[in-house]
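Here's the structure, in structure tokens; my notes come after.
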Amino acid sequence: MPAPVTQSYDARWGYRDIDARRYERRRYGGLVRTLALESLKRAFGRALADVAPPGVVLDIPCGTGILAELLRGRGFRVVGADISPAMLEVAREHEGFAGVVRADLEVPPWRPGTFDAVVCSRFLMHLSPEGRPPVLRTLAALSRGPLVATVCHPYTVKQLLRRGRRALGLRAKQSQRLTRSRLAAEVRDAGCVLERVVPVFPVLSEVWVVVIRTAP
């Protein structure tokens with residue numbers, strides 16, 4: 001059997017030796033980012049409402065473990081997995097995990113249907129449009145229930161302002177954003193069903209939490 005072919009992208013290599021504590025401070029520190037994180041956690045909570053405790057949830061990639069306490073607080077046993085040793089070093093300090101494992105989510109070491117749910121935060125935007133469906137298929141297959149993931153979308157004030165700047169010939173950040181139709185198409189390409197879209201903060205946040213299941 002040939003070895004799986006994995007994708008190449010900055011997050012796969014760049015996060016392995018990252019200063020994970022500095023990353024966590026910059027990503028989630030300060031009042032605005034702290035409030036954004038709390039909104040994200042509430043959206044994950046709504047998306048996982050149909051998963052009954054005490055199920056086993058895989059958090060992959062778990063990063064520094066920012067979702068661990070939320071998941072444990074809902075009564076789940078949480079397994080954290082990440083490809084980055086630096087991220088896992090910080091994640092191990094969170095009390096929410098039953099255990100953490102170094103693993104590549106594209107070639108996971110678990111059998112299909114091992115977990116009651118799989119969560120995947122702040123990862124899919126690193127992949128190309130062609131690269132997302134295989135990853136969605138792999139992660140959804142690990143779950144007996146839903147795959148709950150974040151995606152970035154364009155339906156925000158920030159995106160309108162960026163378009164305005166470009167229309168005026170000014171520089172504006174170009175970032176991957178998935179429309180609802182594009183998201184649905186990629187989920188179908190993965191052999192999955194898009195069950196729910198949970199906005200984190202309508203109009204202001206560029207993040208959706210989406211609930212995906214393997215198609216019957």
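Each chain in the structure tokens gets a letter, A, B and so on, in the order shown; residues start at 1 in every chain, and ligands are counted from 1 in the order they appear.
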
List the neighbours of stretch 185-187 of chain A out to 12 Å using only C-alpha atoms; skip same-chain residues closer than 2 positions along the sequence, and give me the result as a PDB file with N, CA and C atoms, in the first residue's frame.
ATOM      1  N   LEU A 124      -8.449  25.075   8.727  1.00  0.00           N
ATOM      2  CA  LEU A 124      -8.827  24.847   7.332  1.00  0.00           C
ATOM      3  C   LEU A 124      -8.438  25.995   6.424  1.00  0.00           C
ATOM      4  N   SER A 128      -5.380  24.878   0.637  1.00  0.00           N
ATOM      5  CA  SER A 128      -5.883  25.330  -0.656  1.00  0.00           C
ATOM      6  C   SER A 128      -7.296  24.801  -0.855  1.00  0.00           C
ATOM      7  N   PRO A 129      -8.075  25.389  -1.779  1.00  0.00           N
ATOM      8  CA  PRO A 129      -9.422  24.862  -2.055  1.00  0.00           C
ATOM      9  C   PRO A 129      -9.399  23.383  -2.437  1.00  0.00           C
ATOM     10  N   GLU A 130      -8.364  22.960  -3.148  1.00  0.00           N
ATOM     11  CA  GLU A 130      -8.266  21.556  -3.537  1.00  0.00           C
ATOM     12  C   GLU A 130      -7.865  20.676  -2.361  1.00  0.00           C
ATOM     13  N   GLY A 131      -7.170  21.277  -1.394  1.00  0.00           N
ATOM     14  CA  GLY A 131      -6.672  20.497  -0.267  1.00  0.00           C
ATOM     15  C   GLY A 131      -7.661  20.298   0.849  1.00  0.00           C
ATOM     16  N   ARG A 132      -8.705  21.147   0.909  1.00  0.00           N
ATOM     17  CA  ARG A 132      -9.648  21.034   2.027  1.00  0.00           C
ATOM     18  C   ARG A 132     -10.519  19.783   1.986  1.00  0.00           C
ATOM     19  N   PRO A 133     -11.127  19.414   0.826  1.00  0.00           N
ATOM     20  CA  PRO A 133     -12.013  18.242   0.855  1.00  0.00           C
ATOM     21  C   PRO A 133     -11.364  16.959   1.366  1.00  0.00           C
ATOM     22  N   PRO A 134     -10.117  16.617   0.971  1.00  0.00           N
ATOM     23  CA  PRO A 134      -9.524  15.397   1.534  1.00  0.00           C
ATOM     24  C   PRO A 134      -9.361  15.457   3.049  1.00  0.00           C
ATOM     25  N   VAL A 135      -9.015  16.636   3.580  1.00  0.00           N
ATOM     26  CA  VAL A 135      -8.861  16.774   5.030  1.00  0.00           C
ATOM     27  C   VAL A 135     -10.218  16.676   5.719  1.00  0.00           C
ATOM     28  N   LEU A 136     -11.236  17.313   5.162  1.00  0.00           N
ATOM     29  CA  LEU A 136     -12.580  17.203   5.721  1.00  0.00           C
ATOM     30  C   LEU A 136     -13.037  15.744   5.747  1.00  0.00           C
ATOM     31  N   ARG A 137     -12.771  15.026   4.669  1.00  0.00           N
ATOM     32  CA  ARG A 137     -13.172  13.614   4.595  1.00  0.00           C
ATOM     33  C   ARG A 137     -12.473  12.797   5.671  1.00  0.00           C
ATOM     34  N   THR A 138     -11.181  13.034   5.843  1.00  0.00           N
ATOM     35  CA  THR A 138     -10.399  12.292   6.835  1.00  0.00           C
ATOM     36  C   THR A 138     -10.880  12.570   8.247  1.00  0.00           C
ATOM     37  N   LEU A 139     -11.091  13.844   8.573  1.00  0.00           N
ATOM     38  CA  LEU A 139     -11.495  14.204   9.929  1.00  0.00           C
ATOM     39  C   LEU A 139     -12.920  13.745  10.228  1.00  0.00           C
ATOM     40  N   ALA A 140     -13.833  13.914   9.268  1.00  0.00           N
ATOM     41  CA  ALA A 140     -15.214  13.490   9.484  1.00  0.00           C
ATOM     42  C   ALA A 140     -15.294  11.982   9.703  1.00  0.00           C
ATOM     43  N   LEU A 147     -18.177  16.426  12.780  1.00  0.00           N
ATOM     44  CA  LEU A 147     -16.940  17.198  12.717  1.00  0.00           C
ATOM     45  C   LEU A 147     -17.363  18.646  12.878  1.00  0.00           C
ATOM     46  N   ALA A 149     -15.939  22.427  12.907  1.00  0.00           N
ATOM     47  CA  ALA A 149     -14.727  23.124  12.463  1.00  0.00           C
ATOM     48  C   ALA A 149     -15.005  24.601  12.240  1.00  0.00           C
ATOM     49  N   VAL A 151     -14.374  27.940   9.769  1.00  0.00           N
ATOM     50  CA  VAL A 151     -13.995  28.428   8.445  1.00  0.00           C
ATOM     51  C   VAL A 151     -14.125  29.941   8.454  1.00  0.00           C
ATOM     52  N   LEU A 178     -14.422  31.708   2.426  1.00  0.00           N
ATOM     53  CA  LEU A 178     -15.348  30.784   1.790  1.00  0.00           C
ATOM     54  C   LEU A 178     -16.767  31.345   1.821  1.00  0.00           C
ATOM     55  N   THR A 179     -17.383  31.484   0.650  1.00  0.00           N
ATOM     56  CA  THR A 179     -18.796  31.806   0.598  1.00  0.00           C
ATOM     57  C   THR A 179     -19.587  30.579   1.040  1.00  0.00           C
ATOM     58  N   ARG A 180     -20.861  30.773   1.343  1.00  0.00           N
ATOM     59  CA  ARG A 180     -21.702  29.647   1.768  1.00  0.00           C
ATOM     60  C   ARG A 180     -21.771  28.589   0.663  1.00  0.00           C
ATOM     61  N   SER A 181     -21.911  29.016  -0.590  1.00  0.00           N
ATOM     62  CA  SER A 181     -22.012  28.050  -1.683  1.00  0.00           C
ATOM     63  C   SER A 181     -20.696  27.308  -1.897  1.00  0.00           C
ATOM     64  N   ARG A 182     -19.575  28.011  -1.767  1.00  0.00           N
ATOM     65  CA  ARG A 182     -18.267  27.362  -1.934  1.00  0.00           C
ATOM     66  C   ARG A 182     -18.025  26.361  -0.820  1.00  0.00           C
ATOM     67  N   LEU A 183     -18.394  26.731   0.385  1.00  0.00           N
ATOM     68  CA  LEU A 183     -18.264  25.814   1.517  1.00  0.00           C
ATOM     69  C   LEU A 183     -19.083  24.555   1.273  1.00  0.00           C
ATOM     70  N   ASP A 189     -17.789  17.662  -2.015  1.00  0.00           N
ATOM     71  CA  ASP A 189     -16.627  17.007  -2.622  1.00  0.00           C
ATOM     72  C   ASP A 189     -15.941  16.064  -1.633  1.00  0.00           C
ATOM     73  N   ALA A 190     -16.089  16.347  -0.349  1.00  0.00           N
ATOM     74  CA  ALA A 190     -15.503  15.492   0.685  1.00  0.00           C
ATOM     75  C   ALA A 190     -16.368  14.276   0.987  1.00  0.00           C
ATOM     76  N   GLY A 191     -17.539  14.179   0.345  1.00  0.00           N
ATOM     77  CA  GLY A 191     -18.452  13.088   0.636  1.00  0.00           C
ATOM     78  C   GLY A 191     -19.170  13.282   1.945  1.00  0.00           C
ATOM     79  N   CYS A 192     -19.390  14.550   2.317  1.00  0.00           N
ATOM     80  CA  CYS A 192     -19.993  14.881   3.606  1.00  0.00           C
ATOM     81  C   CYS A 192     -21.228  15.758   3.418  1.00  0.00           C
ATOM     82  N   VAL A 193     -21.905  16.005   4.521  1.00  0.00           N
ATOM     83  CA  VAL A 193     -23.101  16.845   4.544  1.00  0.00           C
ATOM     84  C   VAL A 193     -22.848  18.031   5.468  1.00  0.00           C
ATOM     85  N   LEU A 194     -23.161  19.238   4.981  1.00  0.00           N
ATOM     86  CA  LEU A 194     -23.081  20.439   5.813  1.00  0.00           C
ATOM     87  C   LEU A 194     -24.383  20.546   6.590  1.00  0.00           C
ATOM     88  N   GLU A 195     -24.326  20.272   7.892  1.00  0.00           N
ATOM     89  CA  GLU A 195     -25.532  20.200   8.708  1.00  0.00           C
ATOM     90  C   GLU A 195     -25.948  21.554   9.273  1.00  0.00           C
ATOM     91  N   ARG A 196     -24.981  22.327   9.758  1.00  0.00           N
ATOM     92  CA  ARG A 196     -25.288  23.620  10.384  1.00  0.00           C
ATOM     93  C   ARG A 196     -24.151  24.594  10.188  1.00  0.00           C
ATOM     94  N   VAL A 210     -18.839  25.377  11.803  1.00  0.00           N
ATOM     95  CA  VAL A 210     -19.692  24.558  10.936  1.00  0.00           C
ATOM     96  C   VAL A 210     -19.762  23.140  11.461  1.00  0.00           C
ATOM     97  N   VAL A 211     -20.930  22.526  11.278  1.00  0.00           N
ATOM     98  CA  VAL A 211     -21.153  21.150  11.706  1.00  0.00           C
ATOM     99  C   VAL A 211     -21.268  20.293  10.454  1.00  0.00           C
ATOM    100  N   ILE A 212     -20.385  19.321  10.339  1.00  0.00           N
ATOM    101  CA  ILE A 212     -20.277  18.491   9.132  1.00  0.00           C
ATOM    102  C   ILE A 212     -20.347  17.021   9.540  1.00  0.00           C
ATOM    103  N   ARG A 213     -21.023  16.214   8.741  1.00  0.00           N
ATOM    104  CA  ARG A 213     -21.068  14.776   8.986  1.00  0.00           C
ATOM    105  C   ARG A 213     -20.778  14.016   7.703  1.00  0.00           C
ATOM    106  N   THR A 214     -20.232  12.827   7.847  1.00  0.00           N
ATOM    107  CA  THR A 214     -20.046  11.952   6.702  1.00  0.00           C
ATOM    108  C   THR A 214     -21.401  11.613   6.099  1.00  0.00           C
ATOM    109  N   ALA A 215     -21.519  11.700   4.789  1.00  0.00           N
ATOM    110  CA  ALA A 215     -22.800  11.424   4.143  1.00  0.00           C
ATOM    111  C   ALA A 215     -23.205   9.982   4.368  1.00  0.00           C
TER     112      ALA A 215
END

Name all residues at most 10 Å from A:Gly80 (count only C-alpha atoms; drop same-chain ones fewer than 6 positions away) and give them as a PDB file with N, CA and C atoms, in the first residue's frame.
ATOM      1  N   VAL A  57     -14.017  13.383  22.707  1.00  0.00           N
ATOM      2  CA  VAL A  57     -13.885  14.377  21.644  1.00  0.00           C
ATOM      3  C   VAL A  57     -12.410  14.547  21.296  1.00  0.00           C
ATOM      4  N   LEU A  58     -12.107  14.510  20.008  1.00  0.00           N
ATOM      5  CA  LEU A  58     -10.762  14.779  19.524  1.00  0.00           C
ATOM      6  C   LEU A  58     -10.658  16.238  19.125  1.00  0.00           C
ATOM      7  N   ASP A  59      -9.704  16.962  19.697  1.00  0.00           N
ATOM      8  CA  ASP A  59      -9.410  18.356  19.354  1.00  0.00           C
ATOM      9  C   ASP A  59      -8.138  18.337  18.525  1.00  0.00           C
ATOM     10  N   ILE A  60      -8.278  18.582  17.187  1.00  0.00           N
ATOM     11  CA  ILE A  60      -7.134  18.439  16.290  1.00  0.00           C
ATOM     12  C   ILE A  60      -7.206  19.475  15.173  1.00  0.00           C
ATOM     13  N   PRO A  61      -6.201  20.280  14.951  1.00  0.00           N
ATOM     14  CA  PRO A  61      -5.031  20.468  15.803  1.00  0.00           C
ATOM     15  C   PRO A  61      -5.415  21.272  17.039  1.00  0.00           C
ATOM     16  N   CYS A  62      -4.948  20.832  18.185  1.00  0.00           N
ATOM     17  CA  CYS A  62      -5.380  21.461  19.443  1.00  0.00           C
ATOM     18  C   CYS A  62      -4.620  22.739  19.753  1.00  0.00           C
ATOM     19  N   GLY A  63      -3.496  22.997  19.050  1.00  0.00           N
ATOM     20  CA  GLY A  63      -2.726  24.196  19.330  1.00  0.00           C
ATOM     21  C   GLY A  63      -2.291  24.233  20.779  1.00  0.00           C
ATOM     22  N   THR A  64      -2.466  25.377  21.413  1.00  0.00           N
ATOM     23  CA  THR A  64      -2.072  25.511  22.821  1.00  0.00           C
ATOM     24  C   THR A  64      -3.161  25.057  23.783  1.00  0.00           C
ATOM     25  N   GLY A  65      -4.273  24.558  23.248  1.00  0.00           N
ATOM     26  CA  GLY A  65      -5.301  23.977  24.109  1.00  0.00           C
ATOM     27  C   GLY A  65      -6.396  24.919  24.538  1.00  0.00           C
ATOM     28  N   LEU A  67      -9.401  25.294  23.655  1.00  0.00           N
ATOM     29  CA  LEU A  67     -10.756  24.754  23.739  1.00  0.00           C
ATOM     30  C   LEU A  67     -10.905  23.670  24.806  1.00  0.00           C
ATOM     31  N   ALA A  68      -9.814  23.284  25.441  1.00  0.00           N
ATOM     32  CA  ALA A  68      -9.829  22.123  26.331  1.00  0.00           C
ATOM     33  C   ALA A  68     -10.799  22.281  27.496  1.00  0.00           C
ATOM     34  N   LEU A  88       2.140  21.485  21.702  1.00  0.00           N
ATOM     35  CA  LEU A  88       1.762  20.448  22.664  1.00  0.00           C
ATOM     36  C   LEU A  88       2.368  20.703  24.040  1.00  0.00           C
ATOM     37  N   ALA A  91      -0.052  22.958  25.535  1.00  0.00           N
ATOM     38  CA  ALA A  91      -1.353  22.292  25.686  1.00  0.00           C
ATOM     39  C   ALA A  91      -1.370  21.346  26.876  1.00  0.00           C
ATOM     40  N   ARG A  92      -0.243  20.709  27.158  1.00  0.00           N
ATOM     41  CA  ARG A  92      -0.183  19.764  28.278  1.00  0.00           C
ATOM     42  C   ARG A  92      -0.445  20.438  29.623  1.00  0.00           C
ATOM     43  N   GLY A  96      -7.865  20.444  30.935  1.00  0.00           N
ATOM     44  CA  GLY A  96      -9.026  19.887  30.242  1.00  0.00           C
ATOM     45  C   GLY A  96      -8.772  18.620  29.462  1.00  0.00           C
ATOM     46  N   PHE A  97      -7.520  18.315  29.155  1.00  0.00           N
ATOM     47  CA  PHE A  97      -7.230  17.164  28.316  1.00  0.00           C
ATOM     48  C   PHE A  97      -7.094  15.880  29.123  1.00  0.00           C
ATOM     49  N   ALA A  98      -7.704  14.801  28.612  1.00  0.00           N
ATOM     50  CA  ALA A  98      -7.443  13.471  29.156  1.00  0.00           C
ATOM     51  C   ALA A  98      -6.067  12.994  28.700  1.00  0.00           C
ATOM     52  N   GLY A  99      -5.602  13.509  27.570  1.00  0.00           N
ATOM     53  CA  GLY A  99      -4.286  13.190  27.047  1.00  0.00           C
ATOM     54  C   GLY A  99      -4.017  13.982  25.796  1.00  0.00           C
ATOM     55  N   VAL A 100      -2.739  14.166  25.463  1.00  0.00           N
ATOM     56  CA  VAL A 100      -2.363  14.840  24.226  1.00  0.00           C
ATOM     57  C   VAL A 100      -1.386  13.956  23.461  1.00  0.00           C
ATOM     58  N   VAL A 101      -1.479  14.033  22.133  1.00  0.00           N
ATOM     59  CA  VAL A 101      -0.717  13.153  21.259  1.00  0.00           C
ATOM     60  C   VAL A 101      -0.139  13.981  20.121  1.00  0.00           C
ATOM     61  N   ARG A 102       1.096  13.702  19.747  1.00  0.00           N
ATOM     62  CA  ARG A 102       1.624  14.332  18.540  1.00  0.00           C
ATOM     63  C   ARG A 102       1.149  13.514  17.342  1.00  0.00           C
ATOM     64  N   ALA A 103       0.447  14.175  16.427  1.00  0.00           N
ATOM     65  CA  ALA A 103      -0.125  13.467  15.288  1.00  0.00           C
ATOM     66  C   ALA A 103      -0.336  14.422  14.123  1.00  0.00           C
ATOM     67  N   VAL A 119     -13.279  18.152  16.768  1.00  0.00           N
ATOM     68  CA  VAL A 119     -13.283  19.603  16.590  1.00  0.00           C
ATOM     69  C   VAL A 119     -11.972  20.028  15.932  1.00  0.00           C
TER      70      VAL A 119
END

Next item on the list: Check stretch 107-212 of chain A with DSSP on the backbone and list each residue it calls helix (DSSP H, G or I), as number ranges by chain.
Entry: A: 124-126, 132-141, 157-167, 180-189

Dump of C-alpha atoms for the selected residues, as a CSV table (one decimal), in the first residue's frame:
chain,number,residue,atom,x,y,z
A,124,LEU,CA,-8.8,24.8,7.3
A,125,MET,CA,-8.0,28.4,6.1
A,126,HIS,CA,-4.4,27.3,5.8
A,132,ARG,CA,-9.6,21.0,2.0
A,133,PRO,CA,-12.0,18.2,0.9
A,134,PRO,CA,-9.5,15.4,1.5
A,135,VAL,CA,-8.9,16.8,5.0
A,136,LEU,CA,-12.6,17.2,5.7
A,137,ARG,CA,-13.2,13.6,4.6
A,138,THR,CA,-10.4,12.3,6.8
A,139,LEU,CA,-11.5,14.2,9.9
A,140,ALA,CA,-15.2,13.5,9.5
A,141,ALA,CA,-14.5,9.8,9.2
A,157,VAL,CA,-17.9,44.8,7.6
A,158,LYS,CA,-14.1,44.2,7.4
A,159,GLN,CA,-14.4,42.5,4.1
A,160,LEU,CA,-16.5,45.4,2.7
A,161,LEU,CA,-13.9,47.9,3.8
A,162,ARG,CA,-11.2,45.8,2.1
A,163,ARG,CA,-13.1,45.8,-1.1
A,164,GLY,CA,-13.5,49.5,-0.9
A,165,ARG,CA,-9.8,50.0,-0.4
A,166,ARG,CA,-9.0,47.9,-3.4
A,167,ALA,CA,-11.6,49.8,-5.5
A,180,ARG,CA,-21.7,29.6,1.8
A,181,SER,CA,-22.0,28.0,-1.7
A,182,ARG,CA,-18.3,27.4,-1.9
A,183,LEU,CA,-18.3,25.8,1.5
A,184,ALA,CA,-21.2,23.6,0.6
A,185,ALA,CA,-19.5,22.5,-2.6
A,186,GLU,CA,-16.2,21.6,-0.8
A,187,VAL,CA,-18.2,19.6,1.8
A,188,ARG,CA,-20.0,17.7,-0.9
A,189,ASP,CA,-16.6,17.0,-2.6

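Coordinates place atom CA of A:Asp104 at a distance of 18.9 Å from atom CA of A:Val56.
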
Hey, which bits of stretch 57-101 of chain A sit within 7 Å of stretch 18-22 of chain A, and for each residue what's the closest pair of atoms and how far apart in Å (one decimal), counting only C-alpha atoms, rows by chain and increasing number, as CSV?
residue,atom,partner,partner_atom,distance
A:Thr64,CA,A:Ala20,CA,6.9
A:Ala86,CA,A:Ala20,CA,5.8
A:Met87,CA,A:Ala20,CA,5.4
A:Val90,CA,A:Ala20,CA,6.9

Selection file, N, CA and C atoms, as an mmCIF file, in the first residue's frame:
data_model
loop_
_atom_site.group_PDB
_atom_site.id
_atom_site.type_symbol
_atom_site.label_atom_id
_atom_site.label_comp_id
_atom_site.auth_asym_id
_atom_site.auth_seq_id
_atom_site.Cartn_x
_atom_site.Cartn_y
_atom_site.Cartn_z
ATOM 1 N N THR A 64 -2.466 25.377 21.413
ATOM 2 C CA THR A 64 -2.072 25.511 22.821
ATOM 3 C C THR A 64 -3.161 25.057 23.783
ATOM 4 N N ALA A 86 5.984 22.239 20.014
ATOM 5 C CA ALA A 86 5.919 23.485 20.775
ATOM 6 C C ALA A 86 4.492 23.760 21.251
ATOM 7 N N MET A 87 3.514 23.548 20.394
ATOM 8 C CA MET A 87 2.121 23.730 20.783
ATOM 9 C C MET A 87 1.728 22.726 21.866
ATOM 10 N N VAL A 90 2.680 23.502 25.546
ATOM 11 C CA VAL A 90 1.778 24.406 26.251
ATOM 12 C C VAL A 90 0.431 23.724 26.509
#

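Minimum distance to A:Arg27 across A:Arg111, A:Arg122, A:Arg74, A:Arg46 (counting only C-alpha atoms) occurs at A:Arg122.
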
I need the residues in stretch 15-139 of chain A that are strand (DSSP E) according to DSSP; give them as a VMD selection string. chain A and resid 56 to 59 77 to 82 97 to 102 117 to 120

Using only C-alpha atoms, the best pick from A:Glu206, A:Glu95, A:Glu89, A:Asp82 as closest to A:Pro108 would be A:Asp82
